[in-house]
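The file my_file-v6.cif comes next; it holds mmCIF, C-alpha atoms.
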```
data_coords
#
loop_
_atom_site.label_atom_id
_atom_site.label_comp_id
_atom_site.auth_asym_id
_atom_site.auth_seq_id
_atom_site.Cartn_x
_atom_site.Cartn_y
_atom_site.Cartn_z
CA MET A 268 54.56 -33.25 22.13
CA TYR A 269 53.46 -30.13 24.05
CA LEU A 270 53.80 -27.98 20.93
CA LEU A 271 51.82 -30.49 18.93
CA SER A 272 48.90 -30.43 21.37
CA LEU A 273 49.05 -26.63 21.50
CA ARG A 274 48.85 -26.46 17.73
CA ARG A 275 45.91 -28.84 17.80
CA LEU A 276 44.18 -26.75 20.46
CA MET A 277 44.71 -23.59 18.43
CA LYS A 278 43.24 -25.32 15.42
CA ILE A 279 40.15 -26.34 17.39
CA VAL A 280 39.75 -22.81 18.76
CA ASN A 281 40.03 -21.41 15.23
CA ILE A 282 37.38 -23.81 13.96
CA LEU A 283 35.03 -22.97 16.83
CA LEU A 284 35.52 -19.21 16.47
CA LEU A 285 34.83 -19.42 12.76
CA ALA A 286 31.77 -21.58 13.49
CA ALA A 287 30.48 -18.95 15.93
CA PHE A 288 31.11 -16.23 13.35
CA VAL A 289 29.25 -18.13 10.62
CA PHE A 290 26.40 -18.88 13.00
CA PHE A 291 26.02 -15.21 13.91
CA ILE A 292 26.07 -14.22 10.26
CA GLN A 293 23.36 -16.78 9.62
CA PHE A 294 21.37 -15.59 12.61
CA PHE A 295 21.55 -11.84 12.02
CA LEU A 296 22.09 -11.26 8.32
CA VAL A 297 19.98 -13.93 6.70
CA ASP A 298 16.83 -11.83 6.96
CA LEU A 299 18.44 -9.02 5.01
CA LEU A 300 19.49 -11.41 2.26
CA SER A 301 16.24 -13.32 1.99
CA LEU A 302 14.32 -13.14 -1.27
CA LYS A 303 10.66 -13.74 -0.45
CA THR A 304 10.88 -17.04 1.46
CA ILE A 305 14.22 -18.15 0.03
CA ARG A 306 17.19 -17.72 2.34
CA PRO A 307 20.85 -18.53 1.91
CA ASP A 308 22.33 -21.25 4.13
CA PHE A 309 25.81 -20.20 5.24
CA LEU A 310 26.06 -23.09 7.69
CA VAL A 311 26.09 -25.71 4.93
CA ILE A 312 28.91 -23.83 3.16
CA TYR A 313 30.94 -23.79 6.36
CA ILE A 314 30.25 -27.43 7.19
CA PHE A 315 31.17 -28.47 3.67
CA TYR A 316 34.53 -26.72 3.89
CA ILE A 317 35.23 -28.10 7.36
CA SER A 318 34.57 -31.66 6.18
CA LEU A 319 36.62 -31.13 3.08
CA VAL A 320 39.59 -29.78 5.03
CA PHE A 321 39.46 -31.85 8.24
CA GLY A 322 37.47 -34.92 7.32
CA LYS A 323 34.28 -36.62 8.44
CA THR A 324 34.53 -36.60 12.26
CA PRO A 325 35.06 -32.86 12.87
CA GLY A 326 32.56 -32.12 10.12
CA VAL A 327 29.81 -34.29 11.62
CA LEU A 328 30.46 -33.01 15.16
CA ILE A 329 30.38 -29.34 14.14
CA GLY A 330 27.53 -29.92 11.73
CA PHE A 331 25.42 -31.54 14.41
CA SER A 332 26.23 -28.82 16.98
CA LEU A 333 25.62 -25.94 14.60
CA GLY A 334 22.41 -27.55 13.39
CA LEU A 335 21.18 -27.94 16.94
CA LEU A 336 22.03 -24.32 17.71
CA SER A 337 20.34 -23.22 14.51
CA ASP A 338 17.14 -25.08 15.38
CA LEU A 339 17.18 -23.68 18.90
CA SER A 340 17.50 -20.14 17.59
CA GLY A 341 14.56 -20.47 15.19
CA VAL A 342 10.99 -21.23 16.13
CA GLY A 343 9.41 -22.18 12.82
CA SER A 344 11.58 -24.99 11.53
CA LEU A 345 11.33 -28.65 12.47
CA PHE A 346 13.48 -29.29 15.51
CA GLY A 347 16.20 -31.79 14.63
CA LEU A 348 16.07 -31.25 10.89
CA ALA A 349 19.14 -29.00 10.70
CA PRO A 350 21.37 -31.38 12.75
CA LEU A 351 20.22 -34.27 10.55
CA THR A 352 20.90 -32.55 7.23
CA LEU A 353 24.13 -30.87 8.29
CA SER A 354 25.49 -34.12 9.76
CA ALA A 355 24.61 -36.00 6.59
CA THR A 356 26.20 -33.28 4.42
CA ALA A 357 29.33 -33.27 6.58
CA TYR A 358 29.58 -37.06 6.45
CA LEU A 359 29.18 -37.20 2.66
CA SER A 360 31.53 -34.24 2.12
CA GLY A 361 34.09 -36.04 4.29
CA PHE A 362 34.47 -38.64 1.55
CA LEU A 363 35.92 -35.92 -0.66
CA HIS A 364 38.54 -35.03 1.94
CA GLY A 365 41.95 -35.17 0.19
CA LYS A 366 40.42 -36.70 -2.91
CA TYR A 367 40.90 -33.89 -5.38
CA GLU A 368 44.14 -35.32 -6.71
CA ARG A 369 42.76 -38.85 -6.97
CA LEU A 370 39.44 -38.14 -8.68
CA LEU A 371 38.75 -36.70 -12.10
CA PRO A 372 37.90 -32.99 -11.67
CA TYR A 373 34.41 -33.32 -13.16
CA VAL A 374 33.67 -36.28 -10.87
CA PHE A 375 34.93 -34.34 -7.86
CA HIS A 376 32.94 -31.20 -8.69
CA SER A 377 29.80 -33.16 -9.62
CA ALA A 378 30.05 -35.00 -6.29
CA TRP A 379 30.10 -31.89 -4.10
CA ILE A 380 27.34 -30.24 -6.11
CA VAL A 381 25.18 -33.36 -5.68
CA ILE A 382 25.91 -33.38 -1.94
CA ILE A 383 24.80 -29.76 -1.53
CA ALA A 384 21.75 -30.37 -3.74
CA SER A 385 20.81 -33.40 -1.60
CA HIS A 386 21.08 -31.26 1.53
CA PHE A 387 18.49 -28.83 0.16
CA LEU A 388 16.34 -31.63 -1.22
CA LEU A 389 16.13 -33.20 2.22
CA ILE A 390 15.27 -29.89 3.88
CA SER A 391 12.71 -29.04 1.20
CA TYR A 392 11.12 -32.48 1.48
CA PHE A 393 10.66 -32.17 5.24
CA ARG A 394 9.47 -28.57 5.16
CA PHE A 395 7.24 -28.65 2.09
CA GLN A 396 5.74 -32.12 2.25
CA THR A 397 2.25 -30.84 1.43
CA VAL A 398 3.59 -28.95 -1.60
CA PHE A 399 5.45 -32.09 -2.67
CA VAL A 400 2.21 -34.05 -2.63
CA SER A 401 -0.06 -31.38 -4.14
CA ASP A 402 2.25 -29.71 -6.66
CA PRO A 403 5.58 -31.48 -7.38
CA ILE A 404 6.62 -28.80 -9.89
CA ALA A 405 6.25 -26.05 -7.28
CA PHE A 406 8.17 -28.22 -4.83
CA LEU A 407 11.02 -28.70 -7.29
CA MET A 408 11.07 -24.98 -8.01
CA ARG A 409 11.39 -24.18 -4.31
CA TRP A 410 14.14 -26.70 -3.88
CA PHE A 411 15.99 -25.42 -6.94
CA MET A 412 15.65 -21.76 -5.94
CA SER A 413 16.94 -22.30 -2.39
CA PHE A 414 19.77 -24.48 -3.70
CA SER A 415 20.74 -21.95 -6.39
CA TYR A 416 20.64 -19.01 -4.00
CA THR A 417 23.03 -20.69 -1.57
CA MET A 418 25.21 -21.84 -4.48
CA LEU A 419 25.58 -18.19 -5.46
CA PHE A 420 27.23 -17.50 -2.10
CA PHE A 421 29.13 -20.76 -2.38
CA LEU A 422 30.71 -19.58 -5.62
CA ILE A 423 31.65 -16.26 -4.03
CA VAL A 424 33.37 -18.09 -1.15
CA GLN A 425 35.05 -20.42 -3.62
CA PHE A 426 36.49 -17.41 -5.39
CA PHE A 427 38.48 -16.60 -2.22
CA TYR A 428 39.10 -20.17 -1.06
CA PRO A 429 38.87 -22.66 -3.97
CA ILE A 430 37.54 -26.13 -3.24
CA LYS A 431 40.53 -27.87 -4.75
CA GLU A 432 42.78 -26.07 -2.27
CA ALA A 433 40.47 -26.95 0.60
CA SER A 434 40.46 -30.60 -0.42
CA ARG A 435 44.24 -30.97 -0.17
CA ALA A 436 44.76 -28.46 2.66
CA GLU A 437 45.44 -31.11 5.29
CA ILE A 438 47.68 -33.12 2.98
CA THR A 439 49.88 -30.19 1.99
CA MET B 233 38.22 -55.74 24.33
CA ARG B 234 41.23 -54.22 22.69
CA ASN B 235 39.93 -55.38 19.34
CA LEU B 236 36.61 -53.70 20.02
CA TYR B 237 38.37 -50.46 20.98
CA LEU B 238 40.52 -50.61 17.85
CA SER B 239 37.55 -51.28 15.63
CA LEU B 240 35.65 -48.37 17.25
CA LEU B 241 38.65 -46.15 16.63
CA LYS B 242 38.87 -47.36 13.08
CA TYR B 243 35.22 -46.71 12.35
CA LYS B 244 34.79 -43.63 14.55
CA ASP B 245 33.68 -41.53 11.56
CA HIS B 246 30.78 -43.84 10.83
CA LEU B 247 29.99 -44.27 14.51
CA ILE B 248 29.82 -40.52 15.18
CA PHE B 249 27.70 -40.07 12.08
CA LEU B 250 25.38 -42.85 13.23
CA ILE B 251 25.03 -41.28 16.68
CA ALA B 252 24.39 -37.83 15.16
CA ILE B 253 21.74 -39.19 12.81
CA THR B 254 20.07 -41.19 15.60
CA LEU B 255 19.95 -38.13 17.86
CA SER B 256 18.63 -35.93 15.06
CA LEU B 257 15.90 -38.41 14.16
CA SER B 258 14.89 -38.85 17.78
CA LEU B 259 14.64 -35.04 18.11
CA LEU B 260 12.60 -34.91 14.93
CA LEU B 261 10.22 -37.56 16.21
CA LYS B 262 9.88 -35.79 19.58
CA ASN B 263 9.09 -32.41 18.06
CA ASP B 264 5.90 -31.93 20.06
CA ALA B 265 7.21 -33.38 23.32
CA PRO B 266 6.76 -30.99 26.30
CA ASP B 267 10.45 -31.17 27.25
CA VAL B 268 11.58 -30.24 23.75
CA LEU B 269 9.08 -27.38 23.60
CA LEU B 270 10.31 -26.15 26.99
CA ILE B 271 13.94 -26.17 25.89
CA ARG B 272 13.09 -24.44 22.62
CA GLY B 273 11.11 -21.80 24.50
CA LYS B 274 14.03 -21.10 26.84
CA PHE B 275 16.51 -20.79 23.99
CA SER B 276 14.08 -18.67 22.03
CA ASP B 277 14.03 -16.20 24.95
CA TYR B 278 17.84 -16.06 25.01
CA PHE B 279 18.16 -15.58 21.28
CA SER B 280 15.47 -12.92 21.14
CA PHE B 281 17.34 -11.06 23.89
CA ILE B 282 20.59 -11.30 21.93
CA SER B 283 18.97 -10.18 18.72
CA SER B 284 17.05 -7.27 20.26
CA PRO B 285 19.79 -4.60 19.63
CA PHE B 286 20.07 -5.74 16.01
CA ALA B 287 16.30 -5.63 15.66
CA TRP B 288 16.34 -2.08 17.00
CA VAL B 289 19.01 -0.99 14.49
CA LYS B 290 17.06 -2.67 11.74
CA SER B 291 13.85 -0.92 12.76
CA MET B 292 15.68 2.43 12.77
CA THR B 293 16.87 1.87 9.22
CA GLN B 294 13.36 0.96 8.16
CA LEU B 295 11.92 4.03 9.87
CA GLN B 296 12.76 6.45 7.06
CA GLU B 297 11.24 4.16 4.47
CA GLU B 298 8.14 3.77 6.59
CA THR B 299 7.84 7.54 7.10
CA GLN B 300 8.00 8.11 3.36
CA TYR B 301 5.37 5.45 2.82
CA LEU B 302 3.13 7.04 5.44
CA ARG B 303 3.57 10.47 3.83
CA ASP B 304 2.52 9.09 0.46
CA LYS B 305 -0.39 7.26 2.06
CA ASN B 306 -1.44 10.43 3.86
CA ILE B 307 -1.53 12.43 0.62
CA GLN B 308 -3.43 9.65 -1.10
CA LEU B 309 -6.00 9.45 1.70
CA THR B 310 -6.37 13.24 1.82
CA LEU B 311 -7.13 13.28 -1.89
CA GLU B 312 -9.60 10.44 -1.46
CA MET B 313 -11.28 12.29 1.38
CA GLU B 314 -11.53 15.46 -0.71
CA ALA B 315 -13.11 13.46 -3.52
CA MET B 316 -15.59 11.94 -1.08
CA LEU B 317 -16.48 15.34 0.39
CA MET B 318 -17.02 16.66 -3.11
CA ALA B 319 -19.20 13.68 -3.93
CA LYS B 320 -21.18 14.24 -0.74
CA GLY B 321 -21.67 17.92 -1.60
CA GLU B 322 -22.80 17.06 -5.12
CA ASN B 323 -25.15 14.41 -3.74
CA ASN B 324 -26.74 16.95 -1.38
CA ASP B 325 -27.11 19.48 -4.22
CA LEU B 326 -28.77 16.89 -6.43
CA ARG B 327 -31.13 15.89 -3.62
CA ASP B 328 -32.11 19.54 -3.18
CA LEU B 329 -32.71 19.83 -6.90
CA LEU B 330 -34.89 16.72 -6.88
CA LEU B 331 -36.90 17.99 -3.92
CA PHE B 332 -37.33 21.37 -5.58
CA LYS B 333 -38.52 19.78 -8.80
CA ARG B 334 -40.97 17.55 -6.94
CA GLU B 335 -42.50 20.39 -4.94
CA SER B 336 -42.52 23.05 -7.64
CA ASN B 337 -45.61 23.89 -9.67
CA LEU B 338 -43.44 24.64 -12.68
CA ARG B 339 -42.56 22.30 -15.53
CA LEU B 340 -38.82 22.11 -15.11
CA LEU B 341 -36.12 20.70 -17.34
CA ALA B 342 -32.89 19.66 -15.62
CA ALA B 343 -29.68 20.72 -17.36
CA ARG B 344 -26.00 20.39 -16.71
CA VAL B 345 -23.66 23.35 -16.96
CA VAL B 346 -21.00 22.46 -19.52
CA ASN B 347 -19.27 25.83 -19.89
CA MET B 348 -19.04 28.96 -17.79
CA GLY B 349 -18.99 31.23 -20.85
CA SER B 350 -16.07 32.99 -22.41
CA SER B 351 -17.76 35.91 -24.14
CA TRP B 352 -16.26 39.27 -23.10
CA ASN B 353 -19.54 41.17 -23.45
CA LEU B 354 -21.92 38.69 -21.82
CA SER B 355 -21.78 36.84 -18.52
CA SER B 356 -23.16 33.49 -19.46
CA ILE B 357 -23.22 29.77 -18.92
CA THR B 358 -23.76 27.02 -21.48
CA LEU B 359 -26.16 24.17 -20.79
CA ASP B 360 -26.26 20.70 -22.34
CA VAL B 361 -29.91 20.90 -23.46
CA GLY B 362 -31.44 22.71 -26.43
CA SER B 363 -34.45 22.94 -28.68
CA ASN B 364 -34.55 19.15 -29.00
CA GLN B 365 -35.59 19.06 -25.35
CA GLY B 366 -38.11 21.88 -25.77
CA VAL B 367 -35.97 24.83 -24.71
CA LYS B 368 -36.84 28.23 -26.19
CA ILE B 369 -35.36 31.71 -25.99
CA ASN B 370 -36.25 33.78 -22.91
CA GLN B 371 -37.03 31.01 -20.53
CA PRO B 372 -36.06 31.44 -16.87
CA VAL B 373 -33.17 29.45 -15.50
CA LEU B 374 -33.07 28.79 -11.77
CA VAL B 375 -31.85 26.61 -8.93
CA PRO B 376 -33.67 25.95 -5.62
CA GLU B 377 -31.88 28.94 -4.04
CA GLY B 378 -33.10 31.39 -6.66
CA VAL B 379 -33.10 32.76 -10.18
CA VAL B 380 -29.88 32.29 -12.15
CA GLY B 381 -30.71 33.92 -15.50
CA LYS B 382 -32.56 33.39 -18.77
CA THR B 383 -31.94 31.59 -22.02
CA VAL B 384 -30.66 33.86 -24.79
CA VAL B 385 -29.32 31.54 -27.48
CA VAL B 386 -30.82 28.11 -28.09
CA GLY B 387 -29.19 25.47 -30.25
CA LYS B 388 -30.46 21.95 -30.90
CA THR B 389 -28.44 20.41 -28.08
CA SER B 390 -27.10 23.38 -26.14
CA THR B 391 -28.28 26.64 -24.71
CA ILE B 392 -26.53 29.84 -23.67
CA VAL B 393 -27.92 31.50 -20.56
CA GLN B 394 -27.45 35.15 -19.68
CA ILE B 395 -26.81 35.01 -15.96
CA ILE B 396 -27.90 37.38 -13.26
CA LYS B 397 -24.32 38.67 -12.94
CA ASP B 398 -24.35 40.16 -16.45
CA GLY B 399 -24.15 43.97 -16.49
CA ASN B 400 -27.13 44.27 -18.84
CA TYR B 401 -29.37 41.90 -16.91
CA ARG B 402 -32.48 43.39 -15.37
CA LEU B 403 -35.17 41.65 -13.33
CA SER B 404 -38.48 42.95 -12.04
CA VAL B 405 -38.67 41.98 -8.37
CA ARG B 406 -40.94 42.33 -5.39
CA ILE B 407 -39.73 42.78 -1.84
CA LEU B 408 -41.70 40.83 0.73
CA PRO B 409 -43.57 41.37 3.02
CA SER B 410 -43.98 45.05 2.02
CA GLY B 411 -44.70 44.17 -1.60
CA ASN B 412 -42.65 47.01 -3.06
CA VAL B 413 -41.64 46.49 -6.66
CA GLY B 414 -38.37 47.50 -8.26
CA ILE B 415 -35.80 46.62 -10.90
CA LEU B 416 -32.87 44.46 -9.88
CA GLN B 417 -29.43 44.78 -11.44
CA PHE B 418 -26.07 43.30 -10.59
CA ILE B 419 -23.37 45.34 -8.84
CA THR B 420 -20.46 43.19 -7.75
CA ASN B 421 -19.66 39.75 -6.31
CA ASP B 422 -22.96 38.31 -5.04
CA TYR B 423 -24.64 41.66 -4.57
CA CYS B 424 -27.30 43.39 -6.68
CA GLU B 425 -29.33 46.49 -6.09
CA VAL B 426 -33.05 47.09 -6.48
CA ARG B 427 -33.81 50.52 -7.89
CA GLU B 428 -37.08 52.34 -8.66
CA LEU B 429 -38.36 51.73 -5.12
CA GLN B 430 -40.68 54.35 -3.67
CA LYS B 431 -39.17 56.74 -1.13
CA ASN B 432 -41.75 55.88 1.50
CA SER B 433 -41.50 52.12 1.08
CA THR B 434 -41.10 50.13 4.29
CA ILE B 435 -38.24 47.80 3.64
CA SER B 436 -36.10 46.10 6.27
CA VAL B 437 -32.85 44.24 6.19
CA GLY B 438 -33.59 40.54 5.79
CA ASP B 439 -36.68 41.00 3.63
CA LYS B 440 -37.08 38.41 0.92
CA VAL B 441 -36.80 39.36 -2.72
CA VAL B 442 -38.84 37.41 -5.28
CA THR B 443 -39.81 37.89 -8.91
CA SER B 444 -42.74 40.24 -9.34
CA GLY B 445 -44.51 38.40 -12.14
CA PHE B 446 -44.79 41.58 -14.23
CA SER B 447 -42.30 40.22 -16.71
CA ARG B 448 -43.39 37.88 -19.53
CA ILE B 449 -40.37 35.75 -18.85
CA TYR B 450 -40.41 35.06 -15.11
CA PRO B 451 -43.39 33.66 -13.23
CA GLU B 452 -44.10 35.43 -9.96
CA ASN B 453 -42.64 34.52 -6.57
CA LEU B 454 -39.48 32.83 -7.78
CA PRO B 455 -36.83 33.39 -5.09
CA VAL B 456 -34.05 35.86 -5.91
CA GLY B 457 -32.27 36.84 -2.67
CA GLU B 458 -32.61 38.94 0.47
CA VAL B 459 -32.16 42.58 1.41
CA VAL B 460 -28.87 43.27 3.19
CA GLU B 461 -28.76 47.08 3.13
CA ILE B 462 -31.07 50.01 2.42
CA VAL B 463 -29.63 53.15 0.86
CA ASP B 464 -31.85 56.18 1.45
CA ASP B 465 -30.25 59.17 -0.24
CA ARG B 466 -31.84 62.50 0.74
CA GLY B 467 -31.23 64.07 -2.64
CA SER B 468 -32.83 61.19 -4.49
CA PHE B 469 -36.52 60.45 -5.16
CA GLN B 470 -36.09 56.75 -4.71
CA THR B 471 -34.80 54.21 -2.23
CA ILE B 472 -32.20 51.66 -3.23
CA ALA B 473 -32.12 48.21 -1.60
CA LYS B 474 -28.92 46.23 -1.71
CA VAL B 475 -29.70 42.54 -2.23
CA ARG B 476 -27.55 39.49 -1.84
CA ILE B 477 -28.41 36.85 -4.40
CA LYS B 478 -28.37 33.35 -2.95
CA PRO B 479 -27.20 31.10 -5.75
CA TYR B 480 -23.43 30.94 -6.03
CA VAL B 481 -23.41 31.43 -9.78
CA GLY B 482 -19.68 30.86 -10.14
CA ALA B 483 -19.93 27.20 -9.13
CA LEU B 484 -23.13 25.96 -10.72
CA LEU B 485 -23.19 22.36 -11.89
CA ASN B 486 -26.87 21.69 -12.49
CA VAL B 487 -29.77 24.08 -13.13
CA PHE B 488 -33.41 23.98 -14.12
CA ILE B 489 -35.02 25.64 -17.12
CA VAL B 490 -38.63 26.63 -16.54
CA LEU B 491 -40.47 25.34 -19.60
CA GLU B 492 -43.91 26.48 -18.46
CA GLU B 493 -45.99 27.15 -15.38
CA ILE B 494 -48.42 24.38 -14.42
CA ASP B 495 -51.89 25.75 -13.80
CA GLU B 496 -53.00 24.08 -10.56
CA ASP B 497 -56.67 24.94 -11.11
CA SER B 498 -56.90 22.98 -14.36
#
```
Structure translated into structure tokens:
Amino acid sequence: MYLLSLRRLMKIVNILLLAAFVFFIQFFLVDLLSLKTIRPDFLVIYIFYISLVFGKTPGVLIGFSLGLLSDLSGVGSLFGLAPLTLSATAYLSGFLHGKYERLLPYVFHSAWIVIIASHFLLISYFRFQTVFVSDPIAFLMRWFMSFSYTMLFFLIVQFFYPIKEASRAEIT
Amino acid sequence: MRNLYLSLLKYKDHLIFLIAITLSLSLLLKNDAPDVLLIRGKFSDYFSFISSPFAWVKSMTQLQEETQYLRDKNIQLTLEMEAMLMAKGENNDLRDLLLFKRESNLRLLAARVVNMGSSWNLSSITLDVGSNQGVKINQPVLVPEGVVGKTVVVGKTSTIVQIIKDGNYRLSVRILPSGNVGILQFITNDYCEVRELQKNSTISVGDKVVTSGFSRIYPENLPVGEVVEIVDDRGSFQTIAKVRIKPYVGALLNVFIVLEEIDEDS
């Protein structure tokens, strides 16, 4: 019983340390990696993996906390937007937790791509509402560019830690 | 109660998500609330303090790039400034030429120097006007500072001028205020000498030298230069005056050709 709780504590510490690491990368390195106004979102990658490995509850809790921290560290963005989008992404990604074996691969992969795309669509909608009204094509371009740029990093991470392994990590 | 607890436990995922979404939306709706702004301001201070060492490192890495940019900009601005100074100088010269033309009692034709001359046996310049504009051989060429030379070869659209620096150039001049007359010839750099001056002539350093008017080519009293030295050799029957010509012939851009003298009485 004691060993079990110790293992659980270690797991929580690991998750939190990794969350802090990802947050600091996002905070300090994102400026170097930005292309004009498009920036990669490392937090969504982390939250997605957390939800996929541990399920909805840890994902939503960490997503909300990291989002809050992210909004507090930045001045320009809408306060509360990051917790909202990251929580929603974590919740939706949680549905894919342990589902890789049960779903058809193309359904599984389409689902997580749609979840990430929705995350950026929500952010883009809130941040570029005027562009959405005045020039929908420009709005879609912005959304697609920010989504694609983060997906680039997503694919790099997936190379080291494939999604199918993450999905069944808790089961195995 | 137990059932409620069990159902909460069963649907904790959805419940936590619902709470998170509600909190996020309430924060979004209270974006401009003073409390939220206060909290954001506090955290902004903390985060800017944390990020300050990283910002310093980043600024150091950008320093080299910025220095290079400033060097390039400096060179570019220096060149621009040189061009502007040149333009200012040219503008002043052209103003002087205009003033000279307006005040002169000579019929002058403005010409641009297009070539400094490459003939080995004649110091010359080439002008962009010719017989089409009324230029003839043996017409004086001058600038406001003084005589430059005379036309020697006239084409339809260009003219070659023998300049004062040519070794074979001679000019009959008068030294003012004494009125002594002599023949001017070039020596070196911007200096000429006036020979055939009488031994007893009263010439001083600084006296003005103008054309005498004895020549068929040059009207009288055109400026030439000023006396800078008087050479009085005991064994010689004449005095030699060293004269500095004023026009800087090596850098002429625009000159005037004297077409004819306007008779003010008529």
With the file shown as input, list the residues that the PyMOL selection byres ((chain B) within 7 of (chain A)) selects, as a count of residues only.
14
Applied to this file, what does the PyMOL selection byres ((chain B and resi 461) around 6) return in terms of residues, put as an MDAnalysis selection string?
chainID B and resid 437 459:460 462 473:474
Starting from the point (31.0, -29.1, 3.8), work out which residues of protein, DNA or RNA have an atom no more than 8 Å away when counting all atoms listed in the file; state them as a PyMOL selection string.
chain A and resi 311-319+326+356-357+360-361
Å distance separating atom CA of Val320 of chain A from atom CA of Asp308 of chain A, one decimal place
19.3 Å
So which residues touch Asn421 of chain B within 12 Å, counting all atoms listed in the file, skipping near sequence neighbours fewer than 5 positions away, as a PyMOL selection string?
chain B and resi 396-399+475-482
Result set, the PyMOL selection byres ((chain B and resi 329-337) around 6) on current file, as a list in words:
Leu326, Arg327, Asp328, Leu338, Pro376 and Ile494 of chain B
From the set A:Val424, A:Leu302, A:Met408, A:Ile430, which residue has the shortest atom-to-atom contact distance to Trp379 of chain A, counting only C-alpha atoms?
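Comparing A:Val424, A:Leu302, A:Met408, A:Ile430 against Trp379 of chain A, the winner is A:Ile430.
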To one decimal in Å, tell me the separation between atom CA of Asn324 of chain B and atom CA of Leu341 of chain B.
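Here the two named atoms are 18.9 Å from each other.
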Nearest to Leu340 of chain B: which of B:Lys320, B:Leu238, B:Val373, B:Leu309 is it, counting only C-alpha atoms?
B:Val373
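Take atom CA of Val384 of chain B and atom CA of Val413 of chain B: the distance between them is 24.7 Å.
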Which residue gives the smallest distance to Phe406 of chain A among A:Phe387, A:Ser434, A:Leu270, A:Met418, with all atoms listed in the file counted?
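Nearest to Phe406 of chain A: A:Phe387.
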May I have the protein, DNA and RNA residues with an atom at most 6 Å from (14.0, -22.1, 2.6), counting all atoms listed in the file in the file's coordinates, returned as number ranges by chain?
A: 305-306, 413
Have a look at B:Leu416, B:Asn347, B:Leu429, B:Ser436 and name the one nearest to Val393 of chain B; count only C-alpha atoms.
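Under the stated criterion, the closest residue is B:Asn347.
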Which residues, written as an mmCIF file with C-alpha atoms, in the coordinates of the input, have at least one atom at most 12 Å from Phe469 of chain B, with all atoms listed in the file counted and residues fewer than 6 positions away on the same chain left out?
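Saved file part-v3.cif follows:
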```
data_model
loop_
_atom_site.group_PDB
_atom_site.id
_atom_site.type_symbol
_atom_site.label_atom_id
_atom_site.label_comp_id
_atom_site.auth_asym_id
_atom_site.auth_seq_id
_atom_site.Cartn_x
_atom_site.Cartn_y
_atom_site.Cartn_z
ATOM 1 C CA ARG B 427 -33.810 50.520 -7.890
ATOM 2 C CA GLU B 428 -37.080 52.340 -8.660
ATOM 3 C CA LEU B 429 -38.360 51.730 -5.120
ATOM 4 C CA GLN B 430 -40.680 54.350 -3.670
ATOM 5 C CA LYS B 431 -39.170 56.740 -1.130
ATOM 6 C CA ASN B 432 -41.750 55.880 1.500
ATOM 7 C CA SER B 433 -41.500 52.120 1.080
ATOM 8 C CA VAL B 463 -29.630 53.150 0.860
#
```
Using only C-alpha atoms, which of A:Phe411, A:Phe362, A:Tyr367, A:Phe321 sits nearest Ala384 of chain A?
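When distances to Ala384 of chain A are compared using only C-alpha atoms, the smallest one comes from A:Phe411.
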